[in-house]
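The structure under discussion appears below in the form of structure tokens.
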Amino acid sequence: MIDLDRLQKASGIIGNSDAIKQSLEMMAQVAPVDISVLVTGESGTGKEIVAKGLHKFSKRAQQEMVTVNAGAIPAGIIESELFGHKKGAYTGAGDDRKGYFETAHKGTVFLDEIGEMPLETQVKLLRVLDSGEFMRVGESKTRMTDVRILAATNKNLSELVQQGKFRQDLYFRLKTVTIDLPTLRQRIDDLSLLVERFALEFTRSNDIPYKGFMPEAIRRMKQYDWPGNVRELKNFVESILVLERGERITVEMVEQKLGMAQPMVQNQNLPMLIQQSPEQAERELILRQLFLLRQDVETIKAMVGQGGAPVQSVPYYHEGAVDELPRDMQIDENIQHSIRNDAIGDMNLEALEKEAISRTLQHYNNNRRAAAKSLGMSERTLYRKIDQYDLGRKIKRSNGKNE
Ligand SMILES: Nc1ncnc2c1ncn2[C@@H]1O[C@H](COP(=O)(O)OP(=O)(O)OP(=O)(O)O)[C@@H](O)[C@H]1O
Ligand SMILES: [Mg+2]
């Protein structure tokens with residue numbers, strides 16, 4: 001039996017998880033035996049490095065492994081590529097030519113993306129698998145080859161069989177020994193090890209200083225789905241190291257690069273949720289403000305109606321203004337808001353209003369007319385609020401003059 005550590009090192013397969021160890025054990029069992037092996041798994045899970053590892057630890061290791069990507073060869077010439085052709089077999093076939101099965105004699109043929117192989121070619125492949133026999137295109141002489149076949153696919157072959165796109169007999173023949181590689185999600189605990197190795201390898205060979213990843217950055221990466229599996233992770237690590245050249249990689253850098261939700265509040269004291277985009281949260285903050293203002297107006301009206309104290313200055317705001325907003329701008333009290341439920345009752349309305357005004361002004365590039373309209377208040381009220389909250393010093397008028 002092959003030593004697992006040696007197999008793992010020599011194949012360059014990184015990981016300590018049970019899932020990857022199982023794949024390695026299976027490799028160790030089947031590598032030295034002269035049988036065909038099907039390697040399955042999502043894109044980027046390492047099917048090709050497993051196939052190379054199998055060949056390296058086989059009795060044929062001293063011979064060549066010829067890799068054929070069935071998905072990359074046009075259907076019209078795939079048989080000629082695999083089995084060779086006789087001179088004049090078709091237009092353009094100027095000479096007799098050997099195919100991969102002949103070239104790889106005594107060695108290994110790795111049929112990558114076997115799910116893409118045309119049905120007619122599959123019949124001929126089955127014949128080689130069963131008896132080693134094949135014919136060059138345009139010849140009637142049967143030739144013999146001695147190859148071991150390894151195949152890989154990220155397709156569900158049994159589904160392809162049901163759809164009539166893959167021959168059942170070939171499928172049964174191939175699937176007897178299957179190594180099904182885990183997705184990165186299924187072995188997410190291997191992520192730190194993968195990141196560290198990829199980062200070291202990459203920074204060393206490109207002379208980039210390497211200061212590591214913050215633990216929080218790694219934790220965040222573990223929450224991501226990695227649909228492209230190890231390939232995606234490797235590309236990610238390499239490109240973030242180039243972009244942030246020489247920096248220690250932080251959670252913010254990771255989030256930005258992965259396009260994950262980022263903390264959006266500028267004023268960290270505000271009781272806001274952080275799972276929304278800044279635009280979404282900002283809009284909701286403003287709407288919330290309108291909503292609260294309407295409540296104020298109702299209260300004031302009620303006071304006036306009851307003969308309460310005369311009101312000096314009522315903000316410009318007419319009843320129903322919120323209802324007149326476009327539908328998608330209206331507040332739906334049933335959906336989750338930016339403001340945490342547990343912060344309700346503990347909110348400082350002034351701080352919210354100041355924040356809403358300041359950010360609305362920023363949003364409209366300090367155009368006060370637009371900001372006032374958006375906030376649902378008169379320009380005059382907005383000027384007064386700017387004074388009240390001392391926002392004027394930072395803000396330029398829309399005509400460009402300083403206040
Ligand atoms: N376990 C692993 N350890 C180290 N590197 C890995 C591992 N799995 C994958 N990789 C790396 O990820 C990249 C993609 O691997 P590979 O080409 O073998 O994937 P694949 O399964 O053949 O994908 P596809 O179906 O898209 O062809 C390669 O750079 C490979 O070296
Ligand atoms: Mg591949």
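We label chains A, B, ... in the order they appear in the structure tokens, count residues from 1 in each chain, and number ligands from 1 in the order shown.
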I'd like the neighbourhood of region 122-126 of chain A as a compact mmCIF listing (two decimals) with C-alpha atoms, in the first residue's frame, where a residue qualifies if any of its atoms comes within 8 Å (using only C-alpha atoms), though same-chain residues fewer than 4 positions away should be ignored.
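And here is the file that came out, selection_9.txt:
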```
# COMPACT_ATOMS: atom_id res chain seq x y z
CA MET A 117 -17.77 13.11 -25.76
CA PRO A 118 -20.04 12.52 -28.78
CA ASP A 130 -12.92 -3.65 -23.12
CA PHE A 134 -9.48 0.36 -32.23
CA PHE A 166 -24.24 9.33 -22.54
CA ARG A 167 -24.17 5.60 -23.26
CA ASP A 169 -22.87 0.65 -21.12
CA LEU A 170 -19.90 3.05 -21.05
CA ARG A 173 -18.00 0.35 -17.33
```
Please check which protein, DNA or RNA residues sit within 10 Å of ligand 1, counting only C-alpha atoms and all ligand atoms, and write them as a CSV table (one decimal) with N, CA and C atoms, in the first residue's frame.
```csv
chain,number,residue,atom,x,y,z
A,8,GLN,N,0.2,12.3,-1.0
A,8,GLN,CA,-0.3,13.6,-0.8
A,8,GLN,C,0.7,14.7,-1.3
A,9,LYS,N,1.9,14.5,-0.8
A,9,LYS,CA,3.0,15.5,-1.1
A,9,LYS,C,3.3,15.5,-2.6
A,11,SER,N,1.5,14.5,-5.1
A,11,SER,CA,0.4,14.9,-6.0
A,11,SER,C,0.1,16.4,-5.7
A,12,GLY,N,0.6,17.0,-4.7
A,12,GLY,CA,0.3,18.4,-4.4
A,12,GLY,C,-1.2,18.6,-3.9
A,13,ILE,N,-1.7,17.6,-3.3
A,13,ILE,CA,-3.1,17.7,-2.8
A,13,ILE,C,-3.1,18.2,-1.4
A,14,ILE,N,-3.6,19.4,-1.2
A,14,ILE,CA,-3.6,20.0,0.1
A,14,ILE,C,-4.9,19.7,0.9
A,15,GLY,N,-4.7,19.4,2.2
A,15,GLY,CA,-5.9,19.3,3.0
A,15,GLY,C,-5.8,18.2,4.1
A,16,ASN,N,-6.4,18.5,5.2
A,16,ASN,CA,-6.4,17.5,6.3
A,16,ASN,C,-7.7,17.0,6.7
A,20,ILE,N,-11.1,14.8,2.4
A,20,ILE,CA,-10.0,14.7,1.4
A,20,ILE,C,-9.1,13.5,1.7
A,23,SER,N,-10.5,10.6,0.0
A,23,SER,CA,-10.2,10.6,-1.5
A,23,SER,C,-8.7,10.1,-1.6
A,24,LEU,N,-7.8,10.5,-0.7
A,24,LEU,CA,-6.5,10.1,-0.8
A,24,LEU,C,-6.3,8.6,-0.6
A,39,VAL,N,-13.0,10.0,-12.2
A,39,VAL,CA,-12.9,11.1,-11.1
A,39,VAL,C,-14.0,12.1,-11.3
A,40,THR,N,-14.8,12.2,-10.3
A,40,THR,CA,-16.0,13.2,-10.4
A,40,THR,C,-15.8,14.3,-9.4
A,41,GLY,N,-16.6,15.3,-9.5
A,41,GLY,CA,-16.6,16.4,-8.6
A,41,GLY,C,-16.8,17.7,-9.3
A,42,GLU,N,-17.3,18.7,-8.6
A,42,GLU,CA,-17.6,20.0,-9.2
A,42,GLU,C,-16.4,20.6,-9.8
A,43,SER,N,-16.6,21.6,-10.6
A,43,SER,CA,-15.5,22.3,-11.2
A,43,SER,C,-14.5,22.9,-10.2
A,44,GLY,N,-13.2,22.7,-10.4
A,44,GLY,CA,-12.2,23.3,-9.5
A,44,GLY,C,-12.0,22.5,-8.2
A,45,THR,N,-12.4,21.2,-8.1
A,45,THR,CA,-12.2,20.4,-6.9
A,45,THR,C,-10.9,19.6,-7.0
A,46,GLY,N,-10.3,19.7,-8.1
A,46,GLY,CA,-8.9,19.0,-8.1
A,46,GLY,C,-8.9,17.7,-8.9
A,47,LYS,N,-9.8,17.5,-9.9
A,47,LYS,CA,-9.9,16.2,-10.6
A,47,LYS,C,-8.6,16.0,-11.4
A,48,GLU,N,-8.1,17.1,-12.0
A,48,GLU,CA,-6.9,16.9,-12.8
A,48,GLU,C,-5.7,16.5,-12.0
A,49,ILE,N,-5.5,17.2,-10.8
A,49,ILE,CA,-4.3,16.9,-10.0
A,49,ILE,C,-4.5,15.4,-9.5
A,50,VAL,N,-5.7,15.0,-9.2
A,50,VAL,CA,-5.9,13.6,-8.8
A,50,VAL,C,-5.5,12.6,-9.9
A,51,ALA,N,-5.9,12.9,-11.1
A,51,ALA,CA,-5.6,12.1,-12.2
A,51,ALA,C,-4.1,12.0,-12.4
A,52,LYS,N,-3.4,13.1,-12.3
A,52,LYS,CA,-2.0,13.1,-12.4
A,52,LYS,C,-1.3,12.3,-11.3
A,69,ASN,N,-8.9,16.6,-23.7
A,69,ASN,CA,-10.0,17.3,-23.2
A,69,ASN,C,-11.2,17.2,-24.2
A,112,ASP,N,-10.4,13.9,-20.1
A,112,ASP,CA,-11.0,15.0,-19.3
A,112,ASP,C,-12.4,15.4,-19.9
A,113,GLU,N,-13.3,15.8,-19.0
A,113,GLU,CA,-14.6,16.2,-19.5
A,113,GLU,C,-15.2,15.1,-20.4
A,152,ALA,N,-12.5,12.0,-16.3
A,152,ALA,CA,-13.0,12.9,-15.3
A,152,ALA,C,-14.2,13.7,-15.8
A,153,THR,N,-15.1,14.1,-15.0
A,153,THR,CA,-16.2,14.9,-15.4
A,153,THR,C,-16.8,15.7,-14.2
A,154,ASN,N,-17.3,16.9,-14.5
A,154,ASN,CA,-18.0,17.6,-13.4
A,154,ASN,C,-19.6,17.5,-13.7
A,155,LYS,N,-19.9,16.7,-14.7
A,155,LYS,CA,-21.3,16.5,-15.0
A,155,LYS,C,-21.8,15.2,-14.2
A,181,LEU,N,-14.7,13.7,-5.7
A,181,LEU,CA,-14.0,14.7,-4.8
A,181,LEU,C,-15.0,15.6,-4.1
A,182,PRO,N,-14.7,15.9,-2.8
A,182,PRO,CA,-15.5,16.8,-2.1
A,182,PRO,C,-15.4,18.3,-2.6
A,183,THR,N,-16.5,19.0,-2.4
A,183,THR,CA,-16.5,20.4,-2.8
A,183,THR,C,-15.7,21.1,-1.7
A,184,LEU,N,-15.3,22.4,-1.9
A,184,LEU,CA,-14.6,23.1,-0.9
A,184,LEU,C,-15.5,23.4,0.3
A,187,ARG,N,-15.4,20.7,2.8
A,187,ARG,CA,-14.2,20.5,3.6
A,187,ARG,C,-13.6,21.9,3.9
A,190,ASP,N,-10.4,23.0,5.6
A,190,ASP,CA,-9.1,23.0,4.9
A,190,ASP,C,-8.8,24.4,4.3
A,191,LEU,N,-9.7,25.3,4.4
A,191,LEU,CA,-9.5,26.6,3.8
A,191,LEU,C,-8.2,27.3,4.2
A,193,LEU,N,-5.5,26.2,5.5
A,193,LEU,CA,-4.3,25.5,5.0
A,193,LEU,C,-4.1,25.8,3.5
A,194,LEU,N,-5.1,25.7,2.7
A,194,LEU,CA,-5.0,26.0,1.3
A,194,LEU,C,-4.6,27.5,1.1
A,195,VAL,N,-5.2,28.4,1.8
A,195,VAL,CA,-4.9,29.8,1.7
A,195,VAL,C,-3.4,30.1,2.0
A,197,ARG,N,-0.8,28.0,1.9
A,197,ARG,CA,0.1,27.4,0.9
A,197,ARG,C,0.0,28.2,-0.4
A,198,PHE,N,-1.2,28.5,-0.8
A,198,PHE,CA,-1.3,29.2,-2.1
A,198,PHE,C,-0.6,30.6,-2.0
A,228,GLY,N,-16.7,28.0,-7.3
A,228,GLY,CA,-15.6,27.5,-8.2
A,228,GLY,C,-14.6,26.7,-7.4
A,229,ASN,N,-14.9,26.4,-6.2
A,229,ASN,CA,-14.1,25.5,-5.3
A,229,ASN,C,-12.6,26.0,-5.2
A,230,VAL,N,-11.7,25.0,-5.2
A,230,VAL,CA,-10.3,25.4,-4.9
A,230,VAL,C,-9.7,26.3,-6.0
A,231,ARG,N,-10.1,26.1,-7.2
A,231,ARG,CA,-9.6,27.0,-8.3
A,231,ARG,C,-10.0,28.4,-8.0
A,232,GLU,N,-11.2,28.7,-7.6
A,232,GLU,CA,-11.7,30.0,-7.3
A,232,GLU,C,-10.9,30.6,-6.1
A,233,LEU,N,-10.7,29.7,-5.1
A,233,LEU,CA,-10.0,30.2,-3.9
A,233,LEU,C,-8.6,30.6,-4.2
A,234,LYS,N,-7.9,29.7,-5.0
A,234,LYS,CA,-6.5,30.0,-5.4
A,234,LYS,C,-6.5,31.4,-6.2
A,235,ASN,N,-7.3,31.6,-7.1
A,235,ASN,CA,-7.4,32.8,-7.9
A,235,ASN,C,-7.6,34.0,-7.0
```
Find, counting only C-alpha atoms and all ligand atoms, the residue in A:Lys222, A:Ile114, A:Thr203, A:Arg60 that gets nearest to ligand 2. A:Ile114
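Of note, CA of Thr108 (chain A) and CA of His55 (chain A) are spaced 7.0 Å apart.
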DSSP alpha helix (DSSP H) residues within region 48-295 of chain A, as a PyMOL selection string: chain A and resi 48-56+78-83+100-103+119-131+157-162+168-175+191-206+215-223+229-243+251-258+278-295
Selection export as an mmCIF file, in the first residue's frame, atoms kept: C-alpha atoms:
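result.cif was written with the following content:
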```cif
data_model
loop_
_atom_site.group_PDB
_atom_site.id
_atom_site.type_symbol
_atom_site.label_atom_id
_atom_site.label_comp_id
_atom_site.auth_asym_id
_atom_site.auth_seq_id
_atom_site.Cartn_x
_atom_site.Cartn_y
_atom_site.Cartn_z
ATOM 1 C CA GLU A 48 -6.928 16.898 -12.808
ATOM 2 C CA ILE A 49 -4.349 16.856 -10.021
ATOM 3 C CA VAL A 50 -5.905 13.610 -8.759
ATOM 4 C CA ALA A 51 -5.606 12.051 -12.228
ATOM 5 C CA LYS A 52 -1.960 13.113 -12.428
ATOM 6 C CA GLY A 53 -1.370 11.676 -8.952
ATOM 7 C CA LEU A 54 -2.951 8.371 -9.984
ATOM 8 C CA HIS A 55 -0.642 8.133 -12.966
ATOM 9 C CA LYS A 56 2.414 9.075 -10.934
ATOM 10 C CA ILE A 78 -12.262 13.960 -32.143
ATOM 11 C CA GLU A 79 -12.106 10.401 -33.539
ATOM 12 C CA SER A 80 -9.161 11.235 -35.706
ATOM 13 C CA GLU A 81 -7.433 12.797 -32.676
ATOM 14 C CA LEU A 82 -8.112 9.799 -30.470
ATOM 15 C CA PHE A 83 -7.610 6.938 -32.903
ATOM 16 C CA TYR A 100 -3.573 9.587 -28.749
ATOM 17 C CA PHE A 101 -4.396 5.965 -28.002
ATOM 18 C CA GLU A 102 -1.454 4.847 -30.080
ATOM 19 C CA THR A 103 0.900 7.523 -28.761
ATOM 20 C CA LEU A 119 -22.179 9.362 -28.590
ATOM 21 C CA GLU A 120 -20.619 7.725 -31.693
ATOM 22 C CA THR A 121 -17.160 8.158 -30.228
ATOM 23 C CA GLN A 122 -18.325 6.631 -26.953
ATOM 24 C CA VAL A 123 -18.998 3.287 -28.722
ATOM 25 C CA LYS A 124 -15.414 3.180 -29.952
ATOM 26 C CA LEU A 125 -14.080 4.175 -26.573
ATOM 27 C CA LEU A 126 -15.955 1.336 -24.926
ATOM 28 C CA ARG A 127 -14.296 -1.070 -27.345
ATOM 29 C CA VAL A 128 -10.808 0.190 -26.409
ATOM 30 C CA LEU A 129 -11.693 -0.079 -22.744
ATOM 31 C CA ASP A 130 -12.921 -3.650 -23.115
ATOM 32 C CA SER A 131 -10.345 -5.122 -25.469
ATOM 33 C CA LEU A 157 -23.243 11.115 -15.868
ATOM 34 C CA SER A 158 -26.270 9.187 -14.681
ATOM 35 C CA GLU A 159 -28.429 12.197 -15.586
ATOM 36 C CA LEU A 160 -26.759 12.375 -18.987
ATOM 37 C CA VAL A 161 -27.580 8.684 -19.466
ATOM 38 C CA GLN A 162 -31.230 9.404 -18.704
ATOM 39 C CA GLN A 168 -25.296 3.487 -20.375
ATOM 40 C CA ASP A 169 -22.866 0.645 -21.118
ATOM 41 C CA LEU A 170 -19.904 3.046 -21.055
ATOM 42 C CA TYR A 171 -21.207 4.638 -17.874
ATOM 43 C CA PHE A 172 -21.452 1.287 -16.094
ATOM 44 C CA ARG A 173 -18.004 0.351 -17.326
ATOM 45 C CA LEU A 174 -16.465 3.584 -16.070
ATOM 46 C CA LYS A 175 -18.195 4.088 -12.766
ATOM 47 C CA LEU A 191 -9.482 26.582 3.763
ATOM 48 C CA SER A 192 -6.825 28.100 6.050
ATOM 49 C CA LEU A 193 -4.266 25.521 4.994
ATOM 50 C CA LEU A 194 -5.049 26.048 1.309
ATOM 51 C CA VAL A 195 -4.879 29.826 1.671
ATOM 52 C CA GLU A 196 -1.546 29.691 3.504
ATOM 53 C CA ARG A 197 0.063 27.381 0.938
ATOM 54 C CA PHE A 198 -1.256 29.248 -2.091
ATOM 55 C CA ALA A 199 -0.205 32.574 -0.570
ATOM 56 C CA LEU A 200 3.322 31.406 0.284
ATOM 57 C CA GLU A 201 3.870 29.793 -3.087
ATOM 58 C CA PHE A 202 2.589 32.816 -4.957
ATOM 59 C CA THR A 203 4.385 35.521 -2.967
ATOM 60 C CA ARG A 204 7.668 33.602 -3.057
ATOM 61 C CA SER A 205 7.674 33.077 -6.763
ATOM 62 C CA ASN A 206 6.639 36.673 -7.451
ATOM 63 C CA PRO A 215 -7.949 35.464 11.491
ATOM 64 C CA GLU A 216 -11.167 37.439 10.935
ATOM 65 C CA ALA A 217 -10.475 37.534 7.189
ATOM 66 C CA ILE A 218 -10.118 33.742 7.134
ATOM 67 C CA ARG A 219 -13.334 33.360 9.135
ATOM 68 C CA ARG A 220 -15.148 35.532 6.594
ATOM 69 C CA MET A 221 -13.750 33.496 3.712
ATOM 70 C CA LYS A 222 -15.106 30.355 5.348
ATOM 71 C CA GLN A 223 -18.600 31.827 5.182
ATOM 72 C CA ASN A 229 -14.075 25.529 -5.322
ATOM 73 C CA VAL A 230 -10.281 25.357 -4.885
ATOM 74 C CA ARG A 231 -9.606 26.983 -8.254
ATOM 75 C CA GLU A 232 -11.683 30.014 -7.268
ATOM 76 C CA LEU A 233 -9.982 30.165 -3.863
ATOM 77 C CA LYS A 234 -6.544 30.020 -5.431
ATOM 78 C CA ASN A 235 -7.354 32.811 -7.895
ATOM 79 C CA PHE A 236 -8.870 34.837 -5.092
ATOM 80 C CA VAL A 237 -5.803 34.523 -2.861
ATOM 81 C CA GLU A 238 -3.433 35.406 -5.682
ATOM 82 C CA SER A 239 -5.359 38.420 -6.871
ATOM 83 C CA ILE A 240 -5.939 39.865 -3.399
ATOM 84 C CA LEU A 241 -2.208 39.563 -2.704
ATOM 85 C CA VAL A 242 -1.436 41.465 -5.885
ATOM 86 C CA LEU A 243 -4.016 44.168 -5.217
ATOM 87 C CA VAL A 251 -11.677 41.213 6.676
ATOM 88 C CA GLU A 252 -12.605 44.456 4.882
ATOM 89 C CA MET A 253 -10.364 43.636 1.944
ATOM 90 C CA VAL A 254 -11.893 40.176 1.733
ATOM 91 C CA GLU A 255 -15.437 41.501 1.907
ATOM 92 C CA GLN A 256 -14.786 44.099 -0.713
ATOM 93 C CA LYS A 257 -13.227 41.616 -3.094
ATOM 94 C CA LEU A 258 -15.910 38.994 -2.538
ATOM 95 C CA PRO A 278 -25.289 51.693 1.861
ATOM 96 C CA GLU A 279 -27.825 52.939 -0.720
ATOM 97 C CA GLN A 280 -30.584 50.706 0.643
ATOM 98 C CA ALA A 281 -29.865 51.659 4.222
ATOM 99 C CA GLU A 282 -29.547 55.331 3.433
ATOM 100 C CA ARG A 283 -32.849 55.404 1.633
ATOM 101 C CA GLU A 284 -34.506 53.657 4.470
ATOM 102 C CA LEU A 285 -33.013 55.999 6.999
ATOM 103 C CA ILE A 286 -34.453 58.937 5.082
ATOM 104 C CA LEU A 287 -37.850 57.282 4.716
ATOM 105 C CA ARG A 288 -37.866 56.424 8.361
ATOM 106 C CA GLN A 289 -37.206 60.056 9.083
ATOM 107 C CA LEU A 290 -40.171 61.077 6.940
ATOM 108 C CA PHE A 291 -42.289 58.571 8.722
ATOM 109 C CA LEU A 292 -41.328 59.905 12.126
ATOM 110 C CA LEU A 293 -41.885 63.461 10.968
ATOM 111 C CA ARG A 294 -45.390 62.545 9.907
ATOM 112 C CA GLN A 295 -46.015 61.180 13.377
#
```
Smallest atom-to-atom distance to ligand 2: which of A:Thr67, A:Gln22, A:Thr381, A:Ser17, using only C-alpha atoms and all ligand atoms? A:Thr67
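A straight line drawn from CA of Leu349 (chain A) to CA of Ala371 (chain A) is 18.7 Å long.
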Pick from A:His363, A:Glu353, A:Ile300, A:Ile188: nearest to Ala19 (chain A), with only C-alpha atoms counted? A:Ile188
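With only C-alpha atoms and all ligand atoms as the basis for measurement, A:Val68 is the residue among A:Val68, A:His85, A:Ile77, A:Arg136 that approaches ligand 2 most closely.
Across the structure, CA of Val147 (chain A) and CA of Asp34 (chain A) are spaced 9.1 Å apart.
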